[in-house]
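Structure first, commentary second.
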Amino acid sequence: MKRDNRMLRERMSRLSAAALRINASLEVGTVLEEIVESARELTGARYGAIVSLDDSGGPEDFVTSGATAEEHRRMSEWPEGPRLFDLLRSHPGVMTEKQMPPYVEALGRFSEIIRPMTFQGTLMRYRDADVGYFCLAEKEGGLEFTPEDEEVLLLFAGQAAVAIANARTHREEQRTRADLEALVDTSPVGVAVLDAQTGKVTSLNREARRIFSGLQLPDGSPEELLELVSLRRADGHEIAAGEFLLARELSTAETVRFEEITLSVADGRSVTTLVNSTPIRSGDGAVESVVVTMQDLAPLEELERQRAEFLGIVSHELRAPLTSIKGSTTTVLGRSADMERAEWLQFLRIIDQQADHMDGLISDLLDAGRIEAGNLSVNPQPMDVASLVDGARSTFLSGGGRHAIRIDLPQDLPRVMADRRRVVQVLNNLFSNAARHSSESSAISVEARVDGMLVEVSVSDEGEGVPPGRLPHLFRKYTALGTRDRERGATGHGLGLAICKGLVEAHGGRIRAESRGLHQGTRISFTLPVAEGAATGAAGPARDRAVRSSGRRRDREPILVVDDDPQILRYVRDALIGGGYAPLVSADPDEIPRIIESEGPKLILLDLILPGTDGVELMERLPQMADLPVIFISAYGRDETIARALEFGAADYIVKPFSATELVARVRAALRKRASAAPLVVGDLTIDYERRRVTVAGAPVDLTATEFELFRALAANGERVSTYDYLLRRVWSGRDTGNRKLVRTFVKKLRRKLGDAGSGGGYILNERGVGYRMSFGEG
């Protein structure tokens, strides 16, 4: 009896010691190791192991005692482990090796490990949830585990289950806390936690630090700021710096909701915030801390100011055309009896123009809404940049634009992917914006360049410019003006640039603005993607074409005008009529041969860029134009463009815009030069173009009509090479394309006739494989 009591006391002592060791740590891994070690020592087992389970029921931690590192590894990798755990889960209480035989065959390889040793194991549960398994094996001396050993196993299994559950709860709390701290720290609303007793700041999130950074001293901290800040509440109540503790001030009242509070420091800096505060109370009702949330109202105030200014701009833009419409209708209704028809038409024209202006403004508002909603669609197709720029220029000028538009585009620009209507809208908006911010005497420039797989188009003005600080905000929907801008009478940019940005980005491009400062002009550039397999050259879409005659008098010289811009056609027509000429106007370059044959114009005024072609190409392709002086009219003032046109035989080149006086003067000069053109004389050779006669040393050379046209074509090119293709187009109208033998046959006849008439056979020289050229230095 005494021996049993002594053993019981020793067992209790060892259990107490084990409990002290287990409770000495809060780290779950250490606690489980102490539990396994203590259970193994108290039961005399050689091996002990605990397997904890995760939330899904899978193994999580594996803790062993008494095993070497190699044995630990082999046990952790043992493939039959899950089958053993299934047995423990299905068996109530503790399972020993004696209860294993019914399952030996199902265990397979596991039977070879269990049979030689004693074993006991159990499922660990906590509040009806499986949390792990606890096993002890190989009792000392080969003895079997006793019922007391089973009690020890169950006792320590319960402690292990509690430790595992507590660790899991702790991890979940830590994870939740970390998530909450991250959420608070990254919140767009400032959050501050203050101690209610001391008034000290215990926590500030990132946004709160940003709000306070505008008030604190350079070397100060947000926490020290509370000693320097003054507070003014929405009711006007103000508390000076040093007279309060913010936490106490807030905690004395009820919970604050959406109160506007202004914080300021002595040097005048201030910030207005929308404050919410919630006192955190202890169990006895005392306020322990205060949680304050602050929302900086400056961005909201700026948005409200921009909204009000935008509404003012829109109201002004709508009121102006309405005023014109109202004034016109009032005048017409009040004076209808004594008004002449011309006056009626003028007032109706004003009403029509202002209605169009209102329609455009409403369209801009709708486009801005579509862009903001993200449902603006475009239909890009391969387009020529020159055609897009020309279309926008026509739209701008026909809408009353008075600025000169100077176009400078390289001739080798590739096509771009563009929705023609939308890109013309972008360019027209940029033209209008440039015109609004520059004087009428200054020009608007358009340039383009290739940038990788993009084409960058730029519109520049010489106007008032943009301060550097406003450049990043230029394309916003609500374009704000600074006080200085308003004082000097500057106007806002309306919706135009915001719409440009949306349209360009819908094409996959980007838009940016540059300005060197006030009165330095502005340059706005946007990009469009190059069309896949793009080729250079004009290729605009077909347009409505018309050929019109002015009903000319027979004593007036006919002048053919070809341009796809109806406004230019009207302007040039009126200028020519006023100058005493009979204009023949057409928008279709394909009509040129027919008009020349039927109307016999004395001169051609030709736009450089036409739908699907250009003027230089027409001069090369149409033999009917060979005998007529051609004056190009174009917005392209690039030196190489003008030089190219003149090299191909143009009589003159006029850059748009031009005055009616200049146009008529240049036409008269070209016609006078043609009328007074003296015969070409080179040594013994004389060519009289007007009389269609050729002489060598005074002796006439009898040439057929075709031979004379061939000689004229060679002489017109001077000493430059005339290719076979050029001569076939010029002399035979391209009917025998590629027939070089035909050209060689007539050149041979021409040489023979020149040589028969004198010693002039050396005037025509051969360029092998290319064509022929004249040699005026020989003869």
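Starting from 1 in every chain, residues are counted up; chains themselves are A, B, ... following the order of the structure tokens, and ligands are numbered from 1 as listed.
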TODO: Can you pull out every residue within 6 Å of range 650-661 of chain A, counting only C-alpha atoms, but drop anything in the same chain fewer than 6 positions away, and send it as number ranges by chain?
DONE: A: 404, 575, 629-635, 637
Open item on the list: If we count only C-alpha atoms and set the cut-off at 6 Å, which residues sit around Leu685 in chain A, ignoring sequence neighbours fewer than 2 positions away in its own chain? Please answer as a PyMOL selection string.
Closed with: chain A and resi 681-683+695-696
Task: Residue contacts of Asn276 in chain A (12 Å, only C-alpha atoms) excluding same-chain residues fewer than 3 positions away, as an NGL selection string - done: :A and (189-193 or 250-251 or 253-261 or 273 or 279 or 290-295)
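When only C-alpha atoms are used to measure the gap to Gln159 in chain A, the shortest distance among A:Pro410, A:Gly132, A:Gly236, A:Pro299 belongs to A:Gly132.
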Task: Contacts of Leu742 in chain A at 12 Å (only C-alpha atoms; same-chain gap of 3+ positions) as a PyMOL selection string - done: chain A and resi 706-707+710+724-725+727-728+731-732+734-739+745-749
Task: Filtered DSSP result for range 149-386 of chain A, state helix (DSSP H, G or I), as an MDAnalysis selection string - done: chainID A and resid 149:185 206:213 222:225 246:251 298:334 341:373 385:386
Next, dump the selected residues to file, keeping only C-alpha atoms, as a compact mmCIF listing (two decimals), in the first residue's frame.
# COMPACT_ATOMS: atom_id res chain seq x y z
CA ASP A 149 -0.48 4.91 -19.49
CA GLU A 150 -3.66 5.26 -21.51
CA GLU A 151 -4.92 7.86 -19.01
CA VAL A 152 -1.66 9.77 -19.37
CA LEU A 153 -1.99 9.66 -23.15
CA LEU A 154 -5.55 10.97 -22.99
CA LEU A 155 -4.54 13.66 -20.46
CA PHE A 156 -1.72 14.97 -22.61
CA ALA A 157 -3.78 14.56 -25.80
CA GLY A 158 -6.34 16.91 -24.28
CA GLN A 159 -3.63 19.47 -23.45
CA ALA A 160 -2.19 19.16 -26.96
CA ALA A 161 -5.65 19.66 -28.49
CA VAL A 162 -6.14 22.84 -26.47
CA ALA A 163 -2.67 24.09 -27.45
CA ILE A 164 -3.33 23.39 -31.14
CA ALA A 165 -6.76 25.08 -31.02
CA ASN A 166 -5.34 28.10 -29.19
CA ALA A 167 -2.48 28.37 -31.68
CA ARG A 168 -4.93 28.21 -34.56
CA THR A 169 -7.10 30.90 -32.97
CA HIS A 170 -4.03 33.04 -32.32
CA ARG A 171 -2.87 32.73 -35.93
CA GLU A 172 -6.31 33.68 -37.20
CA GLU A 173 -6.36 36.70 -34.87
CA GLN A 174 -2.88 37.75 -36.03
CA ARG A 175 -3.87 37.37 -39.67
CA THR A 176 -7.07 39.33 -39.14
CA ARG A 177 -5.16 42.03 -37.27
CA ALA A 178 -2.56 42.29 -40.03
CA ASP A 179 -5.29 42.51 -42.68
CA LEU A 180 -7.09 45.19 -40.69
CA GLU A 181 -3.89 47.20 -40.16
CA ALA A 182 -3.09 46.99 -43.88
CA LEU A 183 -6.65 48.08 -44.72
CA VAL A 184 -6.50 51.03 -42.33
CA ASP A 185 -3.01 52.08 -43.44
CA ARG A 206 -0.62 56.93 -44.26
CA GLU A 207 -3.36 59.36 -45.32
CA ALA A 208 -3.47 61.03 -41.89
CA ARG A 209 0.30 61.61 -42.08
CA ARG A 210 -0.16 63.15 -45.52
CA ILE A 211 -2.87 65.51 -44.26
CA PHE A 212 -0.74 66.60 -41.31
CA SER A 213 2.40 66.96 -43.45
CA PRO A 222 2.70 64.60 -36.86
CA GLU A 223 2.53 63.56 -33.20
CA GLU A 224 4.08 66.88 -32.08
CA LEU A 225 1.71 68.87 -34.29
CA LEU A 246 -7.58 67.12 -29.21
CA ALA A 247 -8.53 63.76 -27.78
CA ARG A 248 -10.08 65.31 -24.70
CA GLU A 249 -11.88 67.91 -26.79
CA LEU A 250 -13.38 65.19 -28.95
CA SER A 251 -14.05 62.74 -26.14
CA ALA A 298 -9.42 70.11 -50.72
CA PRO A 299 -9.87 67.65 -53.67
CA LEU A 300 -13.65 67.75 -53.25
CA GLU A 301 -13.64 71.55 -53.13
CA GLU A 302 -11.50 71.63 -56.28
CA LEU A 303 -13.91 69.26 -58.07
CA GLU A 304 -16.85 71.39 -57.00
CA ARG A 305 -15.11 74.55 -58.21
CA GLN A 306 -14.26 72.89 -61.54
CA ARG A 307 -17.84 71.66 -61.90
CA ALA A 308 -19.23 75.14 -61.26
CA GLU A 309 -16.74 76.66 -63.70
CA PHE A 310 -17.58 74.02 -66.30
CA LEU A 311 -21.30 74.72 -65.94
CA GLY A 312 -20.50 78.41 -66.30
CA ILE A 313 -18.54 77.73 -69.50
CA VAL A 314 -21.34 75.59 -70.95
CA SER A 315 -23.97 78.15 -69.95
CA HIS A 316 -21.95 80.91 -71.60
CA GLU A 317 -21.39 78.84 -74.75
CA LEU A 318 -25.11 78.09 -75.02
CA ARG A 319 -26.22 81.62 -74.12
CA ALA A 320 -24.08 83.26 -76.83
CA PRO A 321 -25.73 81.51 -79.83
CA LEU A 322 -29.13 81.78 -78.16
CA THR A 323 -28.62 85.53 -77.84
CA SER A 324 -27.74 85.78 -81.54
CA ILE A 325 -30.75 83.65 -82.50
CA LYS A 326 -33.06 85.64 -80.26
CA GLY A 327 -31.75 88.96 -81.56
CA SER A 328 -32.14 87.86 -85.18
CA THR A 329 -35.69 86.57 -84.73
CA THR A 330 -36.69 89.69 -82.78
CA THR A 331 -35.34 91.93 -85.54
CA VAL A 332 -37.03 89.93 -88.30
CA LEU A 333 -40.38 89.83 -86.49
CA GLY A 334 -40.25 93.52 -85.61
CA ARG A 341 -34.71 90.03 -99.05
CA ALA A 342 -30.92 90.36 -98.57
CA GLU A 343 -31.46 91.42 -94.95
CA TRP A 344 -33.81 88.50 -94.42
CA LEU A 345 -31.22 86.10 -95.75
CA GLN A 346 -28.49 87.60 -93.56
CA PHE A 347 -30.52 87.11 -90.37
CA LEU A 348 -31.54 83.60 -91.43
CA ARG A 349 -27.88 82.82 -92.08
CA ILE A 350 -27.02 83.98 -88.55
CA ILE A 351 -29.74 81.77 -87.09
CA ASP A 352 -28.53 78.80 -89.13
CA GLN A 353 -24.89 79.29 -88.13
CA GLN A 354 -25.67 79.70 -84.44
CA ALA A 355 -27.94 76.64 -84.49
CA ASP A 356 -25.05 74.67 -85.97
CA HIS A 357 -22.82 76.01 -83.22
CA MET A 358 -25.26 74.84 -80.55
CA ASP A 359 -25.55 71.45 -82.25
CA GLY A 360 -21.77 71.13 -82.18
CA LEU A 361 -21.63 72.01 -78.49
CA ILE A 362 -24.32 69.46 -77.66
CA SER A 363 -22.44 66.84 -79.71
CA ASP A 364 -19.31 67.64 -77.69
CA LEU A 365 -21.22 67.14 -74.46
CA LEU A 366 -22.55 63.79 -75.68
CA ASP A 367 -19.09 62.69 -76.79
CA ALA A 368 -17.67 63.69 -73.43
CA GLY A 369 -20.35 61.59 -71.74
CA ARG A 370 -19.58 58.58 -73.96
CA ILE A 371 -15.85 58.90 -73.26
CA GLU A 372 -16.42 59.11 -69.52
CA ALA A 373 -18.78 56.10 -69.66
CA VAL A 385 -2.47 61.45 -93.12
CA ALA A 386 -2.45 64.17 -95.78
- [ ] Mind the document's chain letters and residue numbers, and return as a VMD selection string the residues of range 519-731 of chain A that DSSP labels strand (DSSP E).
- [x] chain A and resid 522 to 529 547 to 549 558 to 562 582 to 586 603 to 607 609 to 610 613 to 614 630 to 634 652 to 655 680 to 682 685 to 688 693 to 696 699 to 701 722 to 723
Output C-alpha atoms for every residue in the selection just made, as a PDB file, in the first residue's frame.
ATOM      1  CA  THR A 522       1.556  75.623 -77.630  1.00  0.00           C
ATOM      2  CA  ARG A 523       2.257  72.383 -79.451  1.00  0.00           C
ATOM      3  CA  ILE A 524      -0.170  69.464 -79.123  1.00  0.00           C
ATOM      4  CA  SER A 525       0.884  66.107 -80.554  1.00  0.00           C
ATOM      5  CA  PHE A 526      -1.008  62.848 -80.874  1.00  0.00           C
ATOM      6  CA  THR A 527      -0.123  59.443 -82.283  1.00  0.00           C
ATOM      7  CA  LEU A 528      -1.950  56.985 -84.514  1.00  0.00           C
ATOM      8  CA  PRO A 529      -0.870  53.403 -85.252  1.00  0.00           C
ATOM      9  CA  VAL A 547     -17.773  69.801-112.634  1.00  0.00           C
ATOM     10  CA  ARG A 548     -19.197  73.276-112.957  1.00  0.00           C
ATOM     11  CA  SER A 549     -18.764  76.070-115.512  1.00  0.00           C
ATOM     12  CA  PRO A 558     -11.019  80.023-119.465  1.00  0.00           C
ATOM     13  CA  ILE A 559      -9.081  78.847-116.387  1.00  0.00           C
ATOM     14  CA  LEU A 560      -9.542  75.331-115.034  1.00  0.00           C
ATOM     15  CA  VAL A 561      -9.624  75.057-111.218  1.00  0.00           C
ATOM     16  CA  VAL A 562      -9.362  71.570-109.650  1.00  0.00           C
ATOM     17  CA  ALA A 582     -13.858  82.480-116.944  1.00  0.00           C
ATOM     18  CA  PRO A 583     -13.299  79.802-114.296  1.00  0.00           C
ATOM     19  CA  LEU A 584     -14.089  76.138-114.898  1.00  0.00           C
ATOM     20  CA  VAL A 585     -14.283  74.439-111.487  1.00  0.00           C
ATOM     21  CA  SER A 586     -14.123  70.758-110.680  1.00  0.00           C
ATOM     22  CA  LEU A 603      -4.192  77.530-117.575  1.00  0.00           C
ATOM     23  CA  ILE A 604      -4.838  75.034-114.761  1.00  0.00           C
ATOM     24  CA  LEU A 605      -5.015  75.884-111.049  1.00  0.00           C
ATOM     25  CA  LEU A 606      -4.454  72.523-109.357  1.00  0.00           C
ATOM     26  CA  ASP A 607      -4.582  71.433-105.695  1.00  0.00           C
ATOM     27  CA  ILE A 609      -3.348  66.828-102.713  1.00  0.00           C
ATOM     28  CA  LEU A 610      -6.441  65.330-104.295  1.00  0.00           C
ATOM     29  CA  THR A 613      -3.690  61.099-106.216  1.00  0.00           C
ATOM     30  CA  ASP A 614      -1.642  64.301-106.259  1.00  0.00           C
ATOM     31  CA  VAL A 630      -0.074  74.590-114.250  1.00  0.00           C
ATOM     32  CA  ILE A 631      -0.118  76.584-111.017  1.00  0.00           C
ATOM     33  CA  PHE A 632      -0.305  74.532-107.830  1.00  0.00           C
ATOM     34  CA  ILE A 633      -2.401  75.819-104.935  1.00  0.00           C
ATOM     35  CA  SER A 634      -1.661  74.029-101.683  1.00  0.00           C
ATOM     36  CA  ASP A 652       4.077  78.520-110.262  1.00  0.00           C
ATOM     37  CA  TYR A 653       3.194  77.446-106.709  1.00  0.00           C
ATOM     38  CA  ILE A 654       0.860  79.354-104.366  1.00  0.00           C
ATOM     39  CA  VAL A 655       0.710  78.497-100.646  1.00  0.00           C
ATOM     40  CA  LEU A 680      13.725  77.825-128.511  1.00  0.00           C
ATOM     41  CA  VAL A 681      17.037  78.469-130.307  1.00  0.00           C
ATOM     42  CA  VAL A 682      20.073  76.252-129.692  1.00  0.00           C
ATOM     43  CA  LEU A 685      18.246  74.443-134.116  1.00  0.00           C
ATOM     44  CA  THR A 686      15.066  76.530-133.712  1.00  0.00           C
ATOM     45  CA  ILE A 687      11.756  75.233-132.274  1.00  0.00           C
ATOM     46  CA  ASP A 688       8.735  77.539-132.700  1.00  0.00           C
ATOM     47  CA  ARG A 693       7.768  74.595-136.817  1.00  0.00           C
ATOM     48  CA  VAL A 694      11.325  73.214-136.486  1.00  0.00           C
ATOM     49  CA  THR A 695      14.284  74.541-138.529  1.00  0.00           C
ATOM     50  CA  VAL A 696      17.967  73.621-138.650  1.00  0.00           C
ATOM     51  CA  ALA A 699      16.004  75.017-143.337  1.00  0.00           C
ATOM     52  CA  PRO A 700      12.586  73.682-142.305  1.00  0.00           C
ATOM     53  CA  VAL A 701      12.310  70.151-140.951  1.00  0.00           C
ATOM     54  CA  SER A 722      13.038  61.429-120.630  1.00  0.00           C
ATOM     55  CA  THR A 723      12.219  57.807-119.829  1.00  0.00           C
TER      56      THR A 723
END
Open item on the list: Between A:Asp86, A:Asp130, A:Glu620, A:Glu709, which residue has the minimum interatomic distance to Arg729 in chain A, considering only C-alpha atoms?
Closed with: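 Counting only C-alpha atoms, the residue closest to Arg729 in chain A is A:Glu620.
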Open item on the list: Let me make sure I understand: among A:Asp390, A:Glu71, A:Glu640, A:Asp412, which one has the smallest atom-to-atom distance to Asp563 in chain A if we use only C-alpha atoms?
Closed with: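 Of the candidates, the smallest distance to Asp563 in chain A is held by A:Asp390.
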